[in-house]
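To start, the structure itself, in structure tokens.
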Amino acid sequence: MPKALSFDLRSRVLAAIDAGLSCRQAAARFGVSASSAIRWQGMRRAGGDARPKPQGGDRLSHRTEAHADLIHAALAEVPDITRPELKARLAEQGAPVSVSALWRFCRRHQITRKKRRRMPPSRTGRIFASRARPGSRASSTLIPSGWCSSMRAGVHR
């Protein structure tokens, strides 16, 4: 979204209108659209000021921050709760927030959400191929340990 035109330019256009030019003539003189000059004139008539309004920024975080105590209590009660589960729990307590708002809340408050491991690692032996890194596509319990070297040598069984 483009930036608003400066208050200085708006003031000069409005001063030209006050000096006797029409809104369209003043707009052409300063290189702005006629609709902008008409809108600035209307703003000045209605409220006495044609300053640009603030743009962008977070306008909704105060709604989530209003429920900060409930969010912190739910996170303390169930530390590994997922954000959709947290959203459902807050909705039950009368605090409707979205999952993305909860994500931004956690980021603002530096709350990290680490997933816990579902199963402990195997203690009986290695579970990945000899030359493969853990987590790579080649690591699997279904790949025999000598399979990769025999394929490179051209030996097919």
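Just so we're on the same page: first chain in the structure tokens is A, next is B, and so on; residues restart at 1 for each chain, and ligands are numbered from 1 in the order they show up.
The shell of residues at most 12 Å from region 21-36 of chain A, with only C-alpha atoms counted and near chain neighbours (fewer than 2 positions) removed, consists of A:Ala4, A:Leu5, A:Ser6, A:Asp8, A:Leu9, A:Arg10, A:Ser11, A:Arg12, A:Val13, A:Leu14, A:Ala15, A:Ala16, A:Ile17, A:Asp18, A:Ala19, A:Ile38, A:Arg39, A:Trp40, A:Gln41, A:Gly42, A:Met43, A:Ala50, A:Pro52.
For the pair CA of Ala95 (chain A) and CA of Val78 (chain A), the separation is 17.5 Å.
Distances from A:Ala74, A:Pro2, A:Gln110, A:Phe7 to Arg51 (chain A) were compared using only C-alpha atoms, and the smallest one belongs to A:Phe7.
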Item to complete: Find the spatial neighbours of Leu75 (chain A), counting only C-alpha atoms, within a cut-off of 10 Å - ignore same-chain residues fewer than 5 positions away - and output them as a ChimeraX atom specification.
Response: /A:69-70,80-83,86,111,113
Go ahead and write the selection's residues with all heavy atoms as a short mmCIF file (atom, residue, chain, number, x, y, z; two decimals), in the first residue's frame.
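And here's result_30.cif as it stands now:
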```cif
data_model
loop_
_atom_site.label_atom_id
_atom_site.label_comp_id
_atom_site.auth_asym_id
_atom_site.auth_seq_id
_atom_site.Cartn_x
_atom_site.Cartn_y
_atom_site.Cartn_z
N ASP A 69 -4.20 -13.75 30.81
CA ASP A 69 -4.19 -14.60 32.01
C ASP A 69 -4.74 -15.99 31.71
O ASP A 69 -4.19 -16.99 32.19
CB ASP A 69 -5.01 -13.94 33.12
CG ASP A 69 -4.37 -12.64 33.61
OD1 ASP A 69 -3.14 -12.50 33.45
OD2 ASP A 69 -5.11 -11.78 34.13
N LEU A 70 -5.82 -16.06 30.93
CA LEU A 70 -6.39 -17.37 30.56
C LEU A 70 -5.41 -18.18 29.72
O LEU A 70 -5.27 -19.39 29.90
CB LEU A 70 -7.69 -17.18 29.78
CG LEU A 70 -8.89 -16.66 30.56
CD1 LEU A 70 -10.04 -16.37 29.60
CD2 LEU A 70 -9.32 -17.67 31.60
N ASP A 80 2.13 -29.07 26.80
CA ASP A 80 2.32 -29.46 25.40
C ASP A 80 1.02 -29.35 24.59
O ASP A 80 0.85 -30.06 23.60
CB ASP A 80 2.90 -30.87 25.31
CG ASP A 80 1.97 -31.91 25.89
OD1 ASP A 80 1.09 -31.53 26.70
OD2 ASP A 80 2.11 -33.10 25.57
N ILE A 81 0.14 -28.44 24.96
CA ILE A 81 -1.11 -28.25 24.24
C ILE A 81 -0.83 -27.61 22.87
O ILE A 81 0.09 -26.78 22.75
CB ILE A 81 -2.08 -27.37 25.07
CG1 ILE A 81 -3.49 -27.38 24.49
CG2 ILE A 81 -1.56 -25.96 25.20
CD1 ILE A 81 -4.52 -26.75 25.40
N THR A 82 -1.55 -28.03 21.87
CA THR A 82 -1.39 -27.42 20.55
C THR A 82 -2.22 -26.16 20.47
O THR A 82 -3.13 -25.94 21.27
CB THR A 82 -1.83 -28.40 19.44
OG1 THR A 82 -3.22 -28.66 19.59
CG2 THR A 82 -1.03 -29.69 19.48
N ARG A 83 -1.91 -25.32 19.50
CA ARG A 83 -2.65 -24.06 19.38
C ARG A 83 -4.13 -24.28 19.05
O ARG A 83 -4.97 -23.58 19.61
CB ARG A 83 -1.97 -23.15 18.38
CG ARG A 83 -0.68 -22.59 18.95
CD ARG A 83 -0.10 -21.48 18.10
NE ARG A 83 1.20 -21.14 18.64
CZ ARG A 83 2.35 -21.60 18.17
NH1 ARG A 83 2.36 -22.39 17.12
NH2 ARG A 83 3.48 -21.26 18.72
N LEU A 86 -5.68 -25.18 22.26
CA LEU A 86 -5.74 -24.00 23.11
C LEU A 86 -6.88 -23.08 22.69
O LEU A 86 -7.59 -22.52 23.52
CB LEU A 86 -4.40 -23.26 23.07
CG LEU A 86 -4.27 -22.00 23.90
CD1 LEU A 86 -4.49 -22.28 25.38
CD2 LEU A 86 -2.89 -21.38 23.69
N ILE A 111 7.06 -17.20 23.98
CA ILE A 111 6.67 -18.53 24.44
C ILE A 111 6.97 -19.50 23.31
O ILE A 111 6.41 -19.40 22.23
CB ILE A 111 5.17 -18.57 24.79
CG1 ILE A 111 4.86 -17.59 25.91
CG2 ILE A 111 4.75 -19.99 25.16
CD1 ILE A 111 3.37 -17.39 26.15
N ARG A 113 7.04 -23.25 21.64
CA ARG A 113 6.20 -24.44 21.66
C ARG A 113 7.01 -25.59 21.08
O ARG A 113 7.06 -25.76 19.87
CB ARG A 113 4.93 -24.22 20.86
CG ARG A 113 4.16 -22.97 21.18
CD ARG A 113 3.58 -22.93 22.57
NE ARG A 113 2.68 -24.05 22.74
CZ ARG A 113 2.53 -24.70 23.87
NH1 ARG A 113 3.21 -24.34 24.93
NH2 ARG A 113 1.71 -25.70 23.97
#
```
Practice prompt. For Pro84 (chain A), work out the shell of residues within 10 Å, counting only C-alpha atoms and skipping chain neighbours fewer than 5 positions away, then give it as a PyMOL selection string.
Written response: chain A and resi 89-90+98-100+102
Residue selection dump (C-alpha atoms) as a short mmCIF file (atom, residue, chain, number, x, y, z; two decimals), in the first residue's frame:
```cif
data_model
loop_
_atom_site.label_atom_id
_atom_site.label_comp_id
_atom_site.auth_asym_id
_atom_site.auth_seq_id
_atom_site.Cartn_x
_atom_site.Cartn_y
_atom_site.Cartn_z
CA ARG A 89 -10.19 -24.42 25.40
CA LEU A 90 -10.30 -20.61 25.35
CA SER A 98 -7.90 -17.44 16.30
CA VAL A 99 -4.97 -19.81 15.98
CA SER A 100 -2.93 -17.15 14.17
CA LEU A 102 -2.37 -17.23 19.46
#
```
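Proximity ranking of A:Ala91, A:Arg45, A:Pro54, A:Ala37 relative to Lys3 (chain A) places A:Pro54 first, based on only C-alpha atoms.
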